[in-house]
$ cat final01.txt   # compact mmCIF, C-alpha atoms
# COMPACT_ATOMS: atom_id res chain seq x y z
CA MET C 538 44.07 -28.34 18.77
CA ARG C 539 43.39 -32.06 18.31
CA SER C 540 41.09 -31.44 15.35
CA ALA C 541 43.74 -29.27 13.68
CA LEU C 542 46.33 -32.03 14.23
CA LEU C 543 44.01 -34.66 12.71
CA CYS C 544 43.37 -32.42 9.71
CA LEU C 545 47.11 -31.93 9.20
CA MET C 546 47.75 -35.69 9.39
CA ALA C 547 44.97 -36.37 6.91
CA CYS C 548 46.52 -33.90 4.46
CA LEU C 549 49.90 -35.60 4.77
CA VAL C 550 48.59 -39.17 4.44
CA LEU C 551 45.81 -38.79 1.87
CA PRO C 552 46.86 -38.01 -1.74
CA ALA C 553 45.78 -34.67 -3.10
CA VAL C 554 42.88 -34.92 -5.54
CA ALA C 555 43.89 -33.11 -8.71
CA PRO C 556 41.21 -31.81 -11.05
CA ALA C 557 40.78 -34.01 -14.12
CA GLN C 558 42.62 -32.67 -17.12
CA ALA C 559 40.64 -31.90 -20.24
CA PRO C 560 41.85 -31.52 -23.82
CA ILE C 561 41.90 -27.98 -25.18
CA PHE C 562 41.61 -27.42 -28.91
CA ASN C 563 42.33 -24.38 -31.04
CA ILE C 564 40.56 -23.83 -34.37
CA SER C 565 42.60 -22.01 -37.00
CA PRO C 566 40.36 -19.61 -38.98
CA GLN C 567 43.08 -19.16 -41.60
CA ASP C 568 42.82 -22.85 -42.55
CA SER C 569 39.05 -23.18 -42.07
CA THR C 570 35.98 -22.19 -44.09
CA ILE C 571 32.20 -22.01 -43.79
CA THR C 572 30.37 -22.22 -47.11
CA PHE C 573 26.85 -22.86 -48.38
CA SER C 574 25.11 -23.80 -51.59
CA VAL C 575 21.57 -23.78 -52.96
CA LYS C 576 20.38 -25.49 -56.11
CA ALA C 577 19.11 -22.81 -58.46
CA SER C 578 18.69 -21.88 -62.10
CA VAL C 579 21.80 -19.73 -61.58
CA ALA C 580 24.26 -21.33 -59.16
CA ILE C 581 24.25 -19.89 -55.66
CA VAL C 582 27.42 -20.81 -53.81
CA GLY C 583 28.91 -18.61 -51.14
CA LYS C 584 31.07 -18.28 -48.06
CA PHE C 585 31.21 -16.15 -44.96
CA GLU C 586 34.23 -13.95 -44.40
CA LYS C 587 33.78 -13.42 -40.65
CA TRP C 588 32.91 -16.13 -38.14
CA GLU C 589 34.02 -17.76 -34.89
CA ALA C 590 34.01 -21.44 -33.90
CA SER C 591 34.97 -23.31 -30.76
CA MET C 592 34.95 -26.90 -29.52
CA THR C 593 35.43 -27.43 -25.78
CA PHE C 594 35.63 -30.66 -23.80
CA PRO C 595 35.22 -30.88 -20.01
CA SER C 596 36.78 -34.36 -20.12
CA THR C 597 38.46 -36.79 -22.52
CA ASP C 598 35.03 -38.30 -23.34
CA VAL C 599 34.25 -37.06 -26.85
CA SER C 600 30.50 -37.15 -26.13
CA THR C 601 30.88 -34.24 -23.68
CA GLY C 602 32.01 -31.84 -26.40
CA VAL C 603 30.37 -28.42 -26.70
CA THR C 604 30.43 -26.76 -30.13
CA ASP C 605 29.64 -23.13 -30.90
CA ILE C 606 29.65 -21.45 -34.30
CA LYS C 607 28.86 -17.76 -34.71
CA ILE C 608 28.69 -16.27 -38.22
CA SER C 609 28.36 -12.60 -39.15
CA ALA C 610 25.51 -12.71 -41.67
CA ASP C 611 26.50 -9.49 -43.43
CA THR C 612 29.86 -10.98 -44.47
CA VAL C 613 28.25 -13.33 -46.99
CA ASP C 614 30.17 -13.48 -50.27
CA THR C 615 28.79 -15.17 -53.39
CA GLY C 616 30.93 -13.22 -55.83
CA SER C 617 27.86 -11.25 -56.91
CA GLY C 618 26.89 -7.93 -55.34
CA MET C 619 23.27 -8.41 -56.37
CA LYS C 620 23.03 -11.85 -54.75
CA ASP C 621 24.87 -10.69 -51.62
CA GLY C 622 22.53 -7.73 -51.22
CA LYS C 623 19.46 -9.93 -51.59
CA LEU C 624 20.77 -12.51 -49.12
CA LYS C 625 21.52 -9.81 -46.53
CA SER C 626 18.03 -8.32 -46.91
CA LYS C 627 15.01 -8.96 -44.70
CA ASP C 628 13.76 -11.56 -47.21
CA PHE C 629 16.68 -13.86 -46.36
CA PHE C 630 19.29 -13.41 -43.61
CA ASN C 631 17.82 -10.12 -42.36
CA ALA C 632 21.38 -9.22 -41.39
CA LYS C 633 20.53 -5.74 -40.11
CA GLU C 634 18.03 -6.96 -37.50
CA ASP C 635 19.56 -10.40 -36.84
CA PRO C 636 23.31 -9.99 -37.45
CA TYR C 637 24.39 -13.49 -36.41
CA ILE C 638 23.78 -17.02 -37.64
CA THR C 639 24.60 -19.47 -34.85
CA PHE C 640 24.85 -23.17 -34.08
CA HIS C 641 25.13 -24.50 -30.52
CA SER C 642 25.58 -28.17 -29.60
CA THR C 643 26.22 -29.71 -26.18
CA LYS C 644 26.73 -33.29 -27.30
CA ILE C 645 28.79 -35.29 -29.80
CA VAL C 646 27.63 -38.72 -30.91
CA GLN C 647 30.33 -40.87 -32.52
CA THR C 648 28.59 -42.81 -35.29
CA GLY C 649 31.65 -44.52 -36.82
CA PRO C 650 35.46 -44.65 -36.58
CA ALA C 651 35.75 -41.14 -38.05
CA THR C 652 32.16 -39.81 -38.15
CA PHE C 653 30.25 -37.78 -35.58
CA ASP C 654 26.77 -36.28 -35.21
CA LEU C 655 26.37 -32.99 -33.39
CA PRO C 656 22.70 -32.41 -32.56
CA GLY C 657 22.14 -28.79 -31.68
CA THR C 658 20.22 -25.57 -32.13
CA PHE C 659 20.56 -23.63 -35.38
CA THR C 660 19.49 -19.99 -35.38
CA ILE C 661 19.05 -17.74 -38.40
CA ARG C 662 16.88 -14.62 -38.76
CA GLY C 663 16.15 -14.97 -35.02
CA VAL C 664 14.42 -18.32 -35.62
CA SER C 665 15.84 -21.32 -33.74
CA LYS C 666 15.25 -24.96 -34.62
CA PRO C 667 16.95 -28.29 -33.87
CA GLU C 668 19.37 -29.38 -36.60
CA THR C 669 22.23 -31.87 -36.76
CA LEU C 670 25.73 -31.14 -38.01
CA THR C 671 27.53 -34.27 -39.25
CA PHE C 672 31.31 -34.22 -39.01
CA THR C 673 33.91 -36.46 -40.66
CA LEU C 674 37.52 -36.53 -39.49
CA ALA C 675 39.73 -36.54 -42.58
CA ASP C 676 42.56 -38.76 -41.29
CA MET C 677 41.99 -40.45 -37.95
CA ALA C 678 45.49 -41.98 -37.70
CA ALA C 679 47.22 -38.67 -38.43
CA ALA C 680 44.91 -36.84 -36.03
CA ARG C 681 45.76 -39.26 -33.22
CA ALA C 682 49.50 -39.01 -33.90
CA ALA C 683 49.73 -35.24 -34.29
CA GLY C 684 46.88 -34.12 -32.04
CA GLU C 685 45.41 -32.12 -34.90
CA GLY C 686 43.27 -32.69 -37.94
CA GLU C 687 40.72 -31.43 -40.41
CA ILE C 688 37.05 -32.06 -39.83
CA LYS C 689 34.38 -31.51 -42.45
CA GLY C 690 30.84 -30.89 -41.29
CA THR C 691 27.65 -30.76 -43.33
CA MET C 692 24.15 -29.67 -42.45
CA ALA C 693 21.06 -29.11 -44.59
CA PHE C 694 17.99 -27.07 -43.72
CA ASP C 695 14.78 -25.88 -45.33
CA ARG C 696 15.02 -22.10 -45.73
CA LYS C 697 11.23 -21.67 -45.66
CA GLU C 698 11.07 -23.14 -42.15
CA TYR C 699 13.13 -20.13 -41.06
CA GLY C 700 10.94 -17.55 -42.77
CA MET C 701 12.94 -17.25 -45.99
CA THR C 702 9.96 -17.66 -48.30
CA SER C 703 10.92 -15.09 -50.95
CA GLY C 704 12.89 -15.68 -54.12
CA ILE C 705 15.59 -13.81 -56.01
CA PRO C 706 14.53 -11.90 -59.15
CA PHE C 707 15.02 -13.93 -62.35
CA ILE C 708 16.50 -16.86 -60.40
CA LYS C 709 14.58 -19.97 -59.44
CA ILE C 710 15.98 -21.35 -56.18
CA ALA C 711 15.35 -24.53 -54.20
CA ASP C 712 14.21 -24.61 -50.57
CA ARG C 713 17.06 -26.84 -49.35
CA VAL C 714 20.24 -25.08 -48.25
CA GLU C 715 23.41 -27.08 -47.66
CA VAL C 716 26.06 -25.75 -45.29
CA THR C 717 29.64 -27.04 -45.19
CA VAL C 718 31.92 -26.35 -42.23
CA ASN C 719 35.61 -27.20 -42.75
CA LEU C 720 37.62 -26.74 -39.56
CA LYS C 721 41.32 -27.23 -38.86
CA ALA C 722 41.64 -28.07 -35.16
CA LYS C 723 44.72 -28.68 -33.01
CA ARG C 724 45.00 -29.89 -29.43
CA VAL C 725 47.09 -27.27 -27.66
CA SER C 726 47.05 -28.84 -24.18
CA GLY C 727 45.62 -31.66 -22.15
CA PRO C 728 45.28 -35.37 -22.94
CA PRO C 729 43.88 -36.74 -26.21
CA LEU C 730 40.19 -37.47 -26.64
CA VAL C 731 39.01 -41.02 -26.14
CA LEU C 732 37.46 -42.18 -29.41
CA LYS C 733 35.95 -45.45 -30.58
CA GLN C 734 38.19 -47.43 -32.92
$ encode --input "final01.txt" --output "structure tokens"
Amino acid sequence: MRSALLCLMACLVLPAVAPAQAPIFNISPQDSTITFSVKASVAIVGKFEKWEASMTFPSTDVSTGVTDIKISADTVDTGSGMKDGKLKSKDFFNAKEDPYITFHSTKIVQTGPATFDLPGTFTIRGVSKPETLTFTLADMAAARAAGEGEIKGTMAFDRKEYGMTSGIPFIKIADRVEVTVNLKAKRVSGPPLVLKQ
């Protein structure tokens, strides 16, 4: 009885410990794009029609951010059926056997007032390697005021390191592939992130 009374008194006197709030962001696919380009004798520029992206934060510390991007490889669109077919084939994306291209990062490193590095794991054709996605926030002041903003990320990789050693008939293509991720994100609940000025 005494222990129950002490427990009740402690509950009344001691403040309740509320779980720390974390910011929650929503990424709008309608206002976002994922594109790529490769230097070639005939320009190769394309986008992906179907993909998912998320950025989650367990706290207001921006460094704790977790980023996931999942792209459906067979939705590649270069505007050319021949190029799309070749890119989906086993020589490139191997979309039938490895349907998803993914990027997973568990850390964000703020490198400047509006720039961030996201070191993570990039997977394509079932091959995973460490790569870094570099993000730039378009308008820091507006993002702070409105709780939303546009971030542009870029990443480059060597296609041959992922087993894409073939070419495209009659087209000379470079090994370096540049990926651009433009995301429109909005904080839908929770406090704002703490960022360096």
$ residues_around --input "final01.txt" --residues "C:Ser617" --least-positions-apart "2" --cutoff "12 Å" --atoms "only C-alpha atoms" --output "list in words"
Val579, Ala580, Ile581, Val582, Gly583, Lys584, Val613, Asp614, Thr615, Met619, Lys620, Asp621, Gly622, Lys623 and Leu624 of chain C
$ closest_residue --input "final01.txt" --among "C:Lys633, C:Ile606, C:Glu687, C:Asp676" --to "C:Thr660" --atoms "only C-alpha atoms"
C:Ile606
$ closest_residue --input "final01.txt" --among "C:Asp635, C:Asp695, C:Asp568, C:Asp654" --to "C:Ser600" --atoms "all atoms listed in the file"
C:Asp654
$ residues_around --input "final01.txt" --residues "C:Gly602" --least-positions-apart "5" --cutoff "7 Å" --atoms "all atoms listed in the file" --output "PyMOL selection string"
chain C and resi 592-594+643-645
$ atom_distance --input "final01.txt" --atom1 "atom CA of C:Gly663" --atom2 "atom CA of C:Phe707"
27.4 Å
$ closest_residue --input "final01.txt" --among "C:Thr597, C:Ser578, C:Thr671, C:Ser642" --to "C:Arg724" --atoms "only C-alpha atoms"
C:Thr597
$ closest_atom_pairs --input "final01.txt" --of "stretch 605-628 of chain C" --to "stretch 586-591 of chain C" --cutoff "6 Å" --atoms "all atoms listed in the file" --output "tab-separated table"
residue	atom	partner	partner_atom	distance
C:Asp605	CA	C:Ser591	CA	5.3
C:Ile606	CA	C:Ala590	CA	4.4
C:Lys607	CA	C:Glu589	CA	5.2
C:Ile608	CA	C:Trp588	CA	4.2
C:Ser609	CA	C:Lys587	CA	5.7
C:Thr612	CA	C:Glu586	CA	5.3
$ atom_distance --input "final01.txt" --atom1 "atom CA of C:Gly700" --atom2 "atom CA of C:Val603"
27.5 Å
$ closest_residue --input "final01.txt" --among "C:Val716, C:Thr604, C:Gly684, C:Lys627" --to "C:Gly657" --atoms "all atoms listed in the file"
C:Thr604
$ residues_around --input "final01.txt" --residues "C:Ile661" --least-positions-apart "3" --cutoff "7 Å" --atoms "only C-alpha atoms" --output "ChimeraX atom specification"
/C:630,638-639,664-665,699
$ closest_residue --input "final01.txt" --among "C:Lys697, C:His641, C:Lys666, C:Lys625" --to "C:Val714" --atoms "only C-alpha atoms"
C:Lys697
$ closest_residue --input "final01.txt" --among "C:Gly704, C:Lys733, C:Phe672, C:Lys723" --to "C:Ala577" --atoms "all atoms listed in the file"
C:Gly704
$ residues_around --input "final01.txt" --residues "C:Ala722" --least-positions-apart "4" --cutoff "9 Å" --atoms "only C-alpha atoms" --output "number ranges by chain"
C: 562-565, 569, 592, 684-688
$ atom_distance --input "final01.txt" --atom1 "atom CA of C:Leu670" --atom2 "atom CA of C:Lys689"
9.7 Å
$ decode --input "final01.txt" --residues "stretch 597-648 of chain C" --atoms "C-alpha atoms" --output "compact mmCIF listing (two decimals), in the first residue's frame"
# COMPACT_ATOMS: atom_id res chain seq x y z
CA THR C 597 15.30 18.40 -35.15
CA ASP C 598 19.01 17.72 -35.76
CA VAL C 599 19.38 17.73 -39.55
CA SER C 600 22.30 15.27 -39.34
CA THR C 601 19.91 12.51 -38.18
CA GLY C 602 17.97 12.55 -41.45
CA VAL C 603 17.27 9.28 -43.26
CA THR C 604 16.72 9.46 -47.02
CA ASP C 605 15.27 6.73 -49.23
CA ILE C 606 14.75 6.86 -52.99
CA LYS C 607 13.23 3.95 -54.89
CA ILE C 608 12.96 4.15 -58.69
CA SER C 609 11.16 1.73 -61.01
CA ALA C 610 13.83 1.07 -63.63
CA ASP C 611 11.37 0.07 -66.36
CA THR C 612 9.75 3.53 -66.29
CA VAL C 613 12.78 5.18 -67.89
CA ASP C 614 11.82 7.69 -70.58
CA THR C 615 14.36 9.25 -72.95
CA GLY C 616 11.85 10.09 -75.66
CA SER C 617 13.25 7.29 -77.81
CA GLY C 618 11.81 3.78 -77.79
CA MET C 619 15.10 2.34 -79.01
CA LYS C 620 17.11 3.99 -76.23
CA ASP C 621 14.53 3.07 -73.58
CA GLY C 622 14.55 -0.56 -74.67
CA LYS C 623 18.34 -0.71 -74.56
CA LEU C 624 18.51 0.94 -71.13
CA LYS C 625 15.94 -1.51 -69.71
CA SER C 626 17.85 -4.50 -71.09
CA LYS C 627 20.31 -6.71 -69.22
CA ASP C 628 23.20 -4.66 -70.66
CA PHE C 629 22.15 -1.63 -68.62
CA PHE C 630 19.43 -1.43 -65.94
CA ASN C 631 18.46 -5.10 -66.26
CA ALA C 632 14.97 -3.97 -65.27
CA LYS C 633 13.38 -7.42 -65.56
CA GLU C 634 15.72 -9.06 -63.03
CA ASP C 635 16.47 -5.98 -60.90
CA PRO C 636 13.35 -3.79 -61.12
CA TYR C 637 14.44 -1.08 -58.68
CA ILE C 638 17.20 1.51 -58.52
CA THR C 639 17.63 2.65 -54.91
CA PHE C 640 19.53 5.11 -52.75
CA HIS C 641 19.60 4.84 -48.94
CA SER C 642 21.31 7.33 -46.62
CA THR C 643 21.24 7.49 -42.82
CA LYS C 644 23.13 10.75 -42.39
CA ILE C 645 23.05 14.34 -43.63
CA VAL C 646 26.17 16.48 -43.46
CA GLN C 647 25.55 20.22 -43.75
CA THR C 648 28.48 21.61 -45.76
